[in-house]
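Engineer: Can you keep this structure in mind? I'll have questions shortly.
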Amino acid sequence: MYIQRNIEPKLTYLATKYPVIALVGPRQSGKTTLAKQAFPKHSYFSLEDPDTALRIMQDPRAFLESDYGAGIILDEFQNEPVLLSYIQGIVDAKYRPGYFILTGSHNFLMNQAITQSLAGRVGILTLLPLSCDELDRSSYLPEKAHEAIFTGGYPNIYMRKLVGEDFYGPYLTTYVERDVRQLINIVRLSDFQKFIRLCAGRIGQLLDYVSLADDCGISVPTVKAWLSILEASYVIFLLQPHFKNFSKRMVKSPKLYFYDTGLACYLLKITSPDQLTLHYLYGGLFESFVIADICKTFFNKGQQPSVYFWRDSRGKEIDCLLDYGSRFVPIEIKSTQTFNSRFFEGIAYY
């Protein structure tokens with residue numbers, strides 16, 4: 001069964017405007033399935049398959065200039081970014097909208113390569129794990145919030161009926177041993193695994209680089225480098241404070257959130273939805289779940305999330321602030337089931 005993705009109309013639309021489409025996002029978010037579903041007549045090649053990659057790289061120009069009819073899907077193309085230079089020449093010589101469909105899991109590797117090779121020739125979209133709306137329309141959305149937070153949004157969990165531990169354990173191992181090793185030279189991968197867990201322990205909190213460095217036993221520059229890797233591979237996002245047109249007394253440190261709360265729960269060794277409701281970080285996980293879902297709404301429309309938080313030096317705060325340029329939408333996020341009028345105090349003050 002295929003789960004209909006909200007981003008698909010934008011994907012097929014851009015394929016009528018650009019010769020190259022790059023679909024990026026974390027591993028297992030459904031990029032390959034979506035690409036095959038949206039472009040069923042395209043030929044498919046995975047650059048993670050060693051034999052396929054070897055055959056392609058022996059003569060990349062001949063491979064790319066072959067006639068594939070409707071087009072070609074190159075999966076995990078960040079493994080061979082040199083192909084982009086060849087693609088540039090091909091699309092300049094022969095303009096065919098939607099001919100090359102590229103998918104990849106590393107944002108900064110791809111953006112760097114795209115900036116150098118395909119500027120103005122490529123439409124870029126970000127596919128994150130399933131949103132609440134996608135889960136709801138597919139009848140997979142759990143009935144209660146803490147169940148949805150614990151389960152997360154990766155499609156295979158629902159399609160293959162996996163429990164969190166069976167999915168996130170191998171997922172984390174594969175991510176650290178394959179992706180992280182490819183991106184940076186880490187002597188002990190256990191240090192990076194510890195670092196990810198420490199990040200999960202700070203979900204929804206203002207980011208303190210020094211504290212994180214001390215707890216992990218690494219330097220502040222290393223903390224910043226490793227955070228960049230987690231951001232680039234769509235594990236975390238740093239929610240920036242909004243302080244435009246306000247005084248300098250505003251908080252300017254970002255907050256740390258996870259795109260997928262199921263992964264965060266696994267890192268925090270939360271083993272059941274019931275245990276989650278009693279966890280001291282439940283409020284932060286709930287915030288992360290809501291804000292990540294808002295980000296998915298932007299990404300699924302082909303837009304960059306215009307999402308911030310707001311906090312002044314006196315502790316007055318807005319959990320989530322949407323900036324639409326001409327207007328702002330403040331959002332208060334509370335995990336409690338009991339309504340209280342005090343919840344609006346921050347919004348009223350803002």
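Letters A, B, ... go to the chains of the structure tokens in the order shown; residues in each chain start at 1; ligands are counted from 1 in the same order.
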If we count only C-alpha atoms and set the cut-off at 12 Å, which residues sit around Asp191 (chain A), ignoring sequence neighbours fewer than 2 positions away in its own chain? Please answer as a list in words.
Structural biologist: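 Using only C-alpha atoms, the neighbours found are Val176, Val180, Asn185, Ile186, Val187, Arg188, Leu189, Gln193, Lys194, Phe195, Ile196, Arg197, Leu198, Ala213, Asp215, Cys216, Gly217, Ile218, Thr222, Val223 and Trp226 of chain A.
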Engineer: Apply DSSP to the backbone of this structure and, from region 50-217 of chain A, keep only the residues in alpha helix (DSSP H); write these as a PyMOL selection string.
Structural biologist: chain A and resi 50-58+60-65+83-93+107-117+132-137+145-151+155-159+164-174+181-183+189-200+209-216
Engineer: Could you save those same residues with C-alpha atoms as a tab-separated table (two decimals), in the first residue's frame?
Structural biologist:
```
chain	number	residue	atom	x	y	z
A	50	PRO	CA	28.14	-0.77	-5.45
A	51	ASP	CA	27.75	-2.58	-8.78
A	52	THR	CA	25.45	0.10	-10.16
A	53	ALA	CA	27.68	2.94	-8.98
A	54	LEU	CA	30.78	1.24	-10.45
A	55	ARG	CA	29.10	0.70	-13.81
A	56	ILE	CA	27.92	4.32	-13.94
A	57	MET	CA	31.23	5.85	-12.91
A	58	GLN	CA	33.23	3.86	-15.45
A	60	PRO	CA	29.34	8.61	-16.61
A	61	ARG	CA	28.87	10.64	-19.77
A	62	ALA	CA	27.78	7.64	-21.82
A	63	PHE	CA	25.46	6.53	-19.02
A	64	LEU	CA	23.77	9.90	-18.61
A	65	GLU	CA	23.49	10.59	-22.34
A	83	LEU	CA	27.66	13.39	-11.86
A	84	LEU	CA	26.13	16.83	-11.44
A	85	SER	CA	28.76	18.40	-13.67
A	86	TYR	CA	27.86	15.99	-16.46
A	87	ILE	CA	24.14	16.58	-15.92
A	88	GLN	CA	24.69	20.33	-16.23
A	89	GLY	CA	26.14	19.97	-19.71
A	90	ILE	CA	23.41	17.57	-20.78
A	91	VAL	CA	20.50	19.78	-19.66
A	92	ASP	CA	22.12	22.83	-21.25
A	93	ALA	CA	22.42	21.00	-24.55
A	107	ASN	CA	21.40	18.38	2.56
A	108	PHE	CA	24.65	20.34	2.68
A	109	LEU	CA	26.55	18.02	0.33
A	110	MET	CA	23.79	18.31	-2.21
A	111	ASN	CA	23.26	22.04	-1.85
A	112	GLN	CA	26.97	22.66	-2.27
A	113	ALA	CA	27.07	20.54	-5.39
A	114	ILE	CA	23.86	22.05	-6.75
A	115	THR	CA	25.09	25.58	-6.14
A	116	GLN	CA	28.21	24.85	-8.13
A	117	SER	CA	26.66	22.83	-10.95
A	132	CYS	CA	-0.20	14.18	10.96
A	133	ASP	CA	-2.36	14.98	7.94
A	134	GLU	CA	-0.74	12.24	5.84
A	135	LEU	CA	-1.12	9.73	8.66
A	136	ASP	CA	-4.74	10.75	9.22
A	137	ARG	CA	-5.73	10.44	5.57
A	145	ALA	CA	-0.92	12.49	21.03
A	146	HIS	CA	1.56	10.61	23.21
A	147	GLU	CA	1.15	7.53	21.00
A	148	ALA	CA	1.91	9.56	17.87
A	149	ILE	CA	4.92	11.21	19.53
A	150	PHE	CA	6.31	7.85	20.63
A	151	THR	CA	5.77	6.15	17.26
A	155	PRO	CA	6.59	5.28	6.73
A	156	ASN	CA	8.13	1.83	7.24
A	157	ILE	CA	6.99	1.77	10.86
A	158	TYR	CA	3.38	1.86	9.66
A	159	MET	CA	3.76	-0.08	6.43
A	164	GLY	CA	9.92	1.74	17.59
A	165	GLU	CA	12.86	-0.25	18.92
A	166	ASP	CA	12.90	-2.56	15.89
A	167	PHE	CA	13.06	0.40	13.53
A	168	TYR	CA	15.09	3.07	15.32
A	169	GLY	CA	17.87	0.78	16.58
A	170	PRO	CA	19.01	-0.33	13.09
A	171	TYR	CA	18.19	3.14	11.72
A	172	LEU	CA	20.53	4.85	14.17
A	173	THR	CA	23.28	2.27	13.64
A	174	THR	CA	23.08	2.66	9.87
A	181	ARG	CA	31.59	8.20	8.64
A	182	GLN	CA	31.10	9.47	5.11
A	183	LEU	CA	30.80	13.07	6.25
A	189	LEU	CA	31.66	6.55	16.69
A	190	SER	CA	30.45	5.95	20.25
A	191	ASP	CA	31.29	9.60	20.98
A	192	PHE	CA	28.91	10.71	18.25
A	193	GLN	CA	26.19	8.35	19.48
A	194	LYS	CA	26.58	9.82	22.97
A	195	PHE	CA	26.35	13.28	21.45
A	196	ILE	CA	23.04	12.48	19.71
A	197	ARG	CA	21.60	11.19	22.99
A	198	LEU	CA	22.70	14.34	24.79
A	199	CYS	CA	20.96	16.39	22.11
A	200	ALA	CA	17.76	14.40	22.70
A	209	TYR	CA	27.10	24.98	23.28
A	210	VAL	CA	29.46	25.06	26.27
A	211	SER	CA	27.28	22.80	28.41
A	212	LEU	CA	26.86	20.32	25.56
A	213	ALA	CA	30.61	20.31	24.94
A	214	ASP	CA	31.39	19.71	28.63
A	215	ASP	CA	28.88	16.87	28.96
A	216	CYS	CA	30.17	15.13	25.84
```
Engineer: CA of Leu34 (chain A) to CA of Gln4 (chain A): how many Å, to one decimal?
Structural biologist: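 These two atoms are separated by 8.5 Å.
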Engineer: Got a sec to tell me which of region 200-323 of chain A DSSP assigns to strand (DSSP E), as a tab-separated table (two decimals) with all heavy atoms, in the first residue's frame?
Structural biologist:
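Saved the output as part11.tsv:
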```tsv
chain	number	residue	atom	x	y	z
A	236	ILE	N	17.94	16.80	13.39
A	236	ILE	CA	17.49	17.88	14.25
A	236	ILE	C	17.26	19.15	13.44
A	236	ILE	O	17.66	19.23	12.27
A	236	ILE	CB	18.52	18.19	15.36
A	236	ILE	CG1	19.79	18.79	14.74
A	236	ILE	CG2	18.84	16.97	16.19
A	236	ILE	CD1	20.73	19.45	15.72
A	237	PHE	N	16.60	20.11	14.05
A	237	PHE	CA	16.58	21.46	13.50
A	237	PHE	C	16.69	22.43	14.66
A	237	PHE	O	16.23	22.15	15.78
A	237	PHE	CB	15.33	21.74	12.66
A	237	PHE	CG	14.02	21.66	13.40
A	237	PHE	CD1	13.38	22.80	13.84
A	237	PHE	CD2	13.40	20.43	13.62
A	237	PHE	CE1	12.16	22.74	14.50
A	237	PHE	CE2	12.18	20.36	14.27
A	237	PHE	CZ	11.56	21.51	14.71
A	238	LEU	N	17.34	23.54	14.40
A	238	LEU	CA	17.52	24.59	15.41
A	238	LEU	C	16.52	25.69	15.12
A	238	LEU	O	16.59	26.38	14.10
A	238	LEU	CB	18.95	25.13	15.37
A	238	LEU	CG	20.06	24.10	15.65
A	238	LEU	CD1	21.43	24.78	15.64
A	238	LEU	CD2	19.83	23.36	16.96
A	239	LEU	N	15.55	25.84	16.02
A	239	LEU	CA	14.54	26.88	15.86
A	239	LEU	C	15.13	28.21	16.31
A	239	LEU	O	15.50	28.38	17.47
A	239	LEU	CB	13.30	26.53	16.70
A	239	LEU	CG	12.07	27.41	16.46
A	239	LEU	CD1	11.50	27.16	15.07
A	239	LEU	CD2	11.00	27.14	17.52
A	255	LYS	N	16.65	27.15	19.82
A	255	LYS	CA	16.17	25.98	20.55
A	255	LYS	C	16.40	24.73	19.70
A	255	LYS	O	16.32	24.78	18.47
A	255	LYS	CB	14.68	26.11	20.87
A	255	LYS	CG	14.35	27.04	22.01
A	255	LYS	CD	12.86	26.96	22.34
A	255	LYS	CE	12.50	27.77	23.56
A	255	LYS	NZ	11.06	27.60	23.91
A	256	LEU	N	16.66	23.63	20.37
A	256	LEU	CA	16.97	22.38	19.68
A	256	LEU	C	15.73	21.48	19.64
A	256	LEU	O	15.12	21.23	20.68
A	256	LEU	CB	18.12	21.66	20.39
A	256	LEU	CG	18.76	20.46	19.69
A	256	LEU	CD1	20.21	20.31	20.14
A	256	LEU	CD2	18.01	19.17	19.96
A	257	TYR	N	15.38	21.02	18.44
A	257	TYR	CA	14.26	20.10	18.26
A	257	TYR	C	14.65	18.97	17.32
A	257	TYR	O	15.60	19.10	16.54
A	257	TYR	CB	13.04	20.84	17.68
A	257	TYR	CG	12.40	21.82	18.63
A	257	TYR	CD1	12.59	23.20	18.46
A	257	TYR	CD2	11.60	21.38	19.68
A	257	TYR	CE1	11.99	24.10	19.32
A	257	TYR	CE2	11.01	22.29	20.56
A	257	TYR	CZ	11.21	23.64	20.37
A	257	TYR	OH	10.63	24.54	21.22
A	258	PHE	N	13.89	17.89	17.36
A	258	PHE	CA	14.07	16.75	16.45
A	258	PHE	C	12.93	16.75	15.44
A	258	PHE	O	11.78	16.97	15.78
A	258	PHE	CB	14.07	15.43	17.23
A	258	PHE	CG	15.40	15.06	17.81
A	258	PHE	CD1	15.98	15.82	18.81
A	258	PHE	CD2	16.09	13.94	17.35
A	258	PHE	CE1	17.21	15.49	19.35
A	258	PHE	CE2	17.32	13.59	17.88
A	258	PHE	CZ	17.89	14.36	18.88
A	307	VAL	N	9.41	29.74	10.52
A	307	VAL	CA	8.99	29.37	11.87
A	307	VAL	C	10.06	29.79	12.86
A	307	VAL	O	11.25	29.50	12.66
A	307	VAL	CB	8.72	27.86	11.97
A	307	VAL	CG1	8.21	27.49	13.36
A	307	VAL	CG2	7.73	27.41	10.91
A	308	TYR	N	9.66	30.44	13.93
A	308	TYR	CA	10.59	30.93	14.94
A	308	TYR	C	9.97	30.73	16.32
A	308	TYR	O	8.84	30.28	16.46
A	308	TYR	CB	10.87	32.42	14.74
A	308	TYR	CG	11.38	32.78	13.36
A	308	TYR	CD1	10.50	33.05	12.31
A	308	TYR	CD2	12.76	32.87	13.11
A	308	TYR	CE1	10.97	33.37	11.05
A	308	TYR	CE2	13.23	33.19	11.85
A	308	TYR	CZ	12.34	33.44	10.82
A	308	TYR	OH	12.80	33.76	9.57
A	309	PHE	N	10.72	31.10	17.36
A	309	PHE	CA	10.13	31.32	18.68
A	309	PHE	C	10.51	32.72	19.12
A	309	PHE	O	11.36	33.38	18.50
A	309	PHE	CB	10.60	30.26	19.69
A	309	PHE	CG	12.01	30.48	20.21
A	309	PHE	CD1	12.23	31.14	21.41
A	309	PHE	CD2	13.11	30.01	19.50
A	309	PHE	CE1	13.51	31.35	21.89
A	309	PHE	CE2	14.40	30.21	19.97
A	309	PHE	CZ	14.61	30.88	21.17
A	310	TRP	N	9.88	33.20	20.15
A	310	TRP	CA	10.14	34.57	20.63
A	310	TRP	C	10.26	34.55	22.14
A	310	TRP	O	9.45	33.92	22.83
A	310	TRP	CB	9.00	35.49	20.20
A	310	TRP	CG	9.14	36.93	20.62
A	310	TRP	CD1	9.78	37.92	19.94
A	310	TRP	CD2	8.64	37.53	21.81
A	310	TRP	NE1	9.70	39.11	20.63
A	310	TRP	CE2	9.01	38.89	21.79
A	310	TRP	CE3	7.92	37.05	22.91
A	310	TRP	CZ2	8.67	39.78	22.81
A	310	TRP	CZ3	7.58	37.93	23.94
A	310	TRP	CH2	7.96	39.28	23.87
A	311	ARG	N	11.30	35.18	22.65
A	311	ARG	CA	11.51	35.22	24.11
A	311	ARG	C	12.35	36.44	24.46
A	311	ARG	O	13.37	36.70	23.81
A	311	ARG	CB	12.22	33.94	24.55
A	311	ARG	CG	12.39	33.82	26.07
A	311	ARG	CD	13.01	32.48	26.40
A	311	ARG	NE	13.12	32.26	27.84
A	311	ARG	CZ	13.58	31.14	28.39
A	311	ARG	NH1	13.97	30.14	27.63
A	311	ARG	NH2	13.65	31.02	29.70
A	317	GLU	N	7.54	34.56	26.63
A	317	GLU	CA	7.89	33.69	25.52
A	317	GLU	C	6.67	33.31	24.68
A	317	GLU	O	5.56	33.19	25.17
A	317	GLU	CB	8.54	32.40	26.05
A	317	GLU	CG	9.03	31.45	24.98
A	317	GLU	CD	9.83	30.29	25.55
A	317	GLU	OE1	9.86	30.14	26.80
A	317	GLU	OE2	10.42	29.54	24.77
A	318	ILE	N	6.93	33.14	23.37
A	318	ILE	CA	5.99	32.55	22.43
A	318	ILE	C	6.64	31.27	21.92
A	318	ILE	O	7.74	31.30	21.37
A	318	ILE	CB	5.69	33.50	21.24
A	318	ILE	CG1	5.06	34.80	21.73
A	318	ILE	CG2	4.79	32.80	20.22
A	318	ILE	CD1	3.70	34.63	22.33
A	319	ASP	N	5.96	30.14	22.09
A	319	ASP	CA	6.56	28.86	21.70
A	319	ASP	C	6.88	28.79	20.22
A	319	ASP	O	7.91	28.26	19.81
A	319	ASP	CB	5.62	27.69	22.06
A	319	ASP	CG	5.42	27.57	23.56
A	319	ASP	OD1	6.38	27.83	24.30
A	319	ASP	OD2	4.31	27.20	23.98
A	320	CYS	N	5.97	29.30	19.40
A	320	CYS	CA	6.13	29.21	17.95
A	320	CYS	C	5.55	30.46	17.32
A	320	CYS	O	4.42	30.87	17.65
A	320	CYS	CB	5.42	27.95	17.42
A	320	CYS	SG	5.52	27.72	15.64
A	321	LEU	N	6.31	31.07	16.43
A	321	LEU	CA	5.89	32.30	15.77
A	321	LEU	C	6.07	32.14	14.27
A	321	LEU	O	7.18	31.91	13.78
A	321	LEU	CB	6.72	33.49	16.27
A	321	LEU	CG	6.33	34.86	15.73
A	321	LEU	CD1	4.94	35.27	16.24
A	321	LEU	CD2	7.36	35.91	16.14
A	322	LEU	N	4.97	32.21	13.54
A	322	LEU	CA	5.02	32.13	12.08
A	322	LEU	C	5.14	33.53	11.51
A	322	LEU	O	4.33	34.40	11.83
A	322	LEU	CB	3.77	31.44	11.53
A	322	LEU	CG	3.42	30.06	12.11
A	322	LEU	CD1	2.23	29.47	11.38
A	322	LEU	CD2	4.62	29.14	12.05
A	323	ASP	N	6.15	33.73	10.69
A	323	ASP	CA	6.42	35.04	10.10
A	323	ASP	C	6.02	35.02	8.63
A	323	ASP	O	6.70	34.40	7.81
A	323	ASP	CB	7.91	35.39	10.25
A	323	ASP	CG	8.24	36.78	9.72
A	323	ASP	OD1	7.35	37.42	9.12
A	323	ASP	OD2	9.39	37.21	9.90
```
Engineer: Set the distance at 12 Å and use only C-alpha atoms: which residues neighbour Thr12 (chain A) once local chain neighbours fewer than 2 positions away are removed? I'd like the list as an mmCIF file with N, CA and C atoms, in the first residue's frame.
Structural biologist:
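Printed below is selection_27.cif as written:
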```
data_model
loop_
_atom_site.group_PDB
_atom_site.id
_atom_site.type_symbol
_atom_site.label_atom_id
_atom_site.label_comp_id
_atom_site.auth_asym_id
_atom_site.auth_seq_id
_atom_site.Cartn_x
_atom_site.Cartn_y
_atom_site.Cartn_z
ATOM 1 N N ARG A 5 1.534 11.185 -0.406
ATOM 2 C CA ARG A 5 2.313 12.243 0.215
ATOM 3 C C ARG A 5 1.814 13.614 -0.240
ATOM 4 N N ASN A 6 1.714 14.537 0.685
ATOM 5 C CA ASN A 6 1.196 15.868 0.380
ATOM 6 C C ASN A 6 2.089 16.661 -0.560
ATOM 7 N N ILE A 7 3.343 16.282 -0.628
ATOM 8 C CA ILE A 7 4.294 17.030 -1.454
ATOM 9 C C ILE A 7 4.207 16.641 -2.936
ATOM 10 N N GLU A 8 3.507 15.551 -3.242
ATOM 11 C CA GLU A 8 3.513 15.018 -4.614
ATOM 12 C C GLU A 8 3.011 16.007 -5.662
ATOM 13 N N PRO A 9 1.909 16.757 -5.427
ATOM 14 C CA PRO A 9 1.491 17.728 -6.448
ATOM 15 C C PRO A 9 2.558 18.775 -6.755
ATOM 16 N N LYS A 10 3.250 19.255 -5.727
ATOM 17 C CA LYS A 10 4.321 20.222 -5.959
ATOM 18 C C LYS A 10 5.469 19.588 -6.716
ATOM 19 N N LEU A 14 6.749 20.980 -10.344
ATOM 20 C CA LEU A 14 8.105 21.460 -10.617
ATOM 21 C C LEU A 14 8.764 20.674 -11.750
ATOM 22 N N ALA A 15 8.350 19.422 -11.904
ATOM 23 C CA ALA A 15 8.919 18.595 -12.977
ATOM 24 C C ALA A 15 8.485 19.067 -14.356
ATOM 25 N N THR A 16 7.506 19.966 -14.406
ATOM 26 C CA THR A 16 7.129 20.559 -15.692
ATOM 27 C C THR A 16 7.875 21.864 -15.941
ATOM 28 N N LYS A 17 8.653 22.327 -14.937
ATOM 29 C CA LYS A 17 9.322 23.624 -15.033
ATOM 30 C C LYS A 17 10.847 23.520 -15.047
ATOM 31 N N TYR A 18 11.397 22.466 -14.453
ATOM 32 C CA TYR A 18 12.845 22.323 -14.349
ATOM 33 C C TYR A 18 13.300 21.008 -14.973
ATOM 34 N N PRO A 19 14.464 21.008 -15.608
ATOM 35 C CA PRO A 19 14.982 19.748 -16.162
ATOM 36 C C PRO A 19 15.490 18.788 -15.093
ATOM 37 N N VAL A 20 15.825 19.339 -13.909
ATOM 38 C CA VAL A 20 16.332 18.518 -12.818
ATOM 39 C C VAL A 20 15.502 18.790 -11.566
ATOM 40 N N ILE A 21 15.104 17.729 -10.885
ATOM 41 C CA ILE A 21 14.401 17.843 -9.608
ATOM 42 C C ILE A 21 15.228 17.116 -8.555
ATOM 43 N N ALA A 22 15.527 17.798 -7.443
ATOM 44 C CA ALA A 22 16.242 17.181 -6.323
ATOM 45 C C ALA A 22 15.268 17.023 -5.170
ATOM 46 N N LEU A 23 15.075 15.786 -4.747
ATOM 47 C CA LEU A 23 14.192 15.478 -3.615
ATOM 48 C C LEU A 23 15.083 15.032 -2.458
ATOM 49 N N LEU A 34 8.292 7.706 -3.265
ATOM 50 C CA LEU A 34 7.588 8.832 -3.869
ATOM 51 C C LEU A 34 8.073 9.072 -5.297
ATOM 52 N N ALA A 35 9.383 9.039 -5.510
ATOM 53 C CA ALA A 35 9.922 9.284 -6.851
ATOM 54 C C ALA A 35 9.406 8.239 -7.846
ATOM 55 N N LYS A 36 9.386 6.989 -7.423
ATOM 56 C CA LYS A 36 8.897 5.933 -8.310
ATOM 57 C C LYS A 36 7.402 6.070 -8.560
ATOM 58 N N GLN A 37 6.660 6.488 -7.530
ATOM 59 C CA GLN A 37 5.219 6.659 -7.670
ATOM 60 C C GLN A 37 4.888 7.838 -8.585
ATOM 61 N N ALA A 38 5.595 8.937 -8.408
ATOM 62 C CA ALA A 38 5.301 10.148 -9.183
ATOM 63 C C ALA A 38 5.810 10.060 -10.622
ATOM 64 N N PHE A 39 6.862 9.270 -10.832
ATOM 65 C CA PHE A 39 7.458 9.162 -12.172
ATOM 66 C C PHE A 39 7.622 7.691 -12.551
ATOM 67 N N PRO A 40 6.514 7.005 -12.763
ATOM 68 C CA PRO A 40 6.573 5.554 -12.999
ATOM 69 C C PRO A 40 7.264 5.146 -14.295
ATOM 70 N N PRO A 97 12.110 19.045 -19.442
ATOM 71 C CA PRO A 97 11.581 19.217 -18.078
ATOM 72 C C PRO A 97 11.345 17.871 -17.389
ATOM 73 N N GLY A 98 11.791 17.790 -16.127
ATOM 74 C CA GLY A 98 11.538 16.604 -15.324
ATOM 75 C C GLY A 98 12.276 15.359 -15.747
ATOM 76 N N TYR A 99 13.341 15.526 -16.529
ATOM 77 C CA TYR A 99 14.039 14.336 -17.041
ATOM 78 C C TYR A 99 14.898 13.681 -15.956
ATOM 79 N N ILE A 101 15.562 13.065 -12.065
ATOM 80 C CA ILE A 101 15.019 13.109 -10.708
ATOM 81 C C ILE A 101 16.106 12.594 -9.764
ATOM 82 N N GLY A 123 14.873 22.219 -9.403
ATOM 83 C CA GLY A 123 13.873 22.489 -8.381
ATOM 84 C C GLY A 123 14.136 21.587 -7.194
ATOM 85 N N ILE A 124 14.203 22.162 -5.999
ATOM 86 C CA ILE A 124 14.587 21.404 -4.804
ATOM 87 C C ILE A 124 13.411 21.315 -3.837
ATOM 88 N N LEU A 125 13.116 20.101 -3.397
ATOM 89 C CA LEU A 125 12.056 19.858 -2.429
ATOM 90 C C LEU A 125 12.593 19.008 -1.282
ATOM 91 N N LYS A 301 4.706 22.233 0.652
ATOM 92 C CA LYS A 301 4.271 23.228 -0.335
ATOM 93 C C LYS A 301 5.450 23.779 -1.139
ATOM 94 N N GLY A 302 6.632 23.239 -0.881
ATOM 95 C CA GLY A 302 7.825 23.718 -1.570
ATOM 96 C C GLY A 302 8.373 24.997 -0.997
#
```
Engineer: For a test of reading the model, state the distance in Å between CA of Ser105 (chain A) and CA of Ala232 (chain A), rounded to one decimal.
Structural biologist: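 Computing the Euclidean distance for CA of Ser105 (chain A) and CA of Ala232 (chain A) yields 8.3 Å.
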Engineer: Determine the nearest neighbour of Gly283 (chain A) from the options A:Pro330, A:Gly204, A:Pro254, A:Gly346, counting only C-alpha atoms.
Structural biologist: A:Gly204
Engineer: Which is closest to Phe243 (chain A) among A:Asp312, A:Asp67, A:Glu345, A:Glu332, if we use only C-alpha atoms?
Structural biologist: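 Of all the options, A:Asp312 lies closest to Phe243 (chain A).
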Engineer: Leaving out Gln304 (chain A) and any residue of its chain fewer than 6 positions from it, which residues lie within 10 Å of it when counting only C-alpha atoms, given as a VMD selection string?
Structural biologist: chain A and resid 125 to 126 295 to 298
Engineer: Could you state the separation of CA of Gly71 (chain A) and CA of Phe100 (chain A) in Å, given to one decimal place?
Structural biologist: 5.9 Å
Engineer: With only C-alpha atoms as the atoms that count, which of A:Val122, A:Leu74, A:Met1, A:Leu47 lies nearest to Arg160 (chain A)?
Structural biologist: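 The answer is A:Met1, which sits nearest to Arg160 (chain A).
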Engineer: Of the residues A:Ser288, A:Thr103, A:Thr261, A:Ser272, which is the one nearest to Gly152 (chain A), using only C-alpha atoms?
Structural biologist: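 Under the stated criterion, the closest residue is A:Thr261.
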Engineer: Between A:Asp208, A:Ile294, A:His242, A:Phe77, which one has atoms that come closest to Leu227 (chain A), using only C-alpha atoms?
Structural biologist: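 Closest to Leu227 (chain A) of all the choices is A:Asp208.
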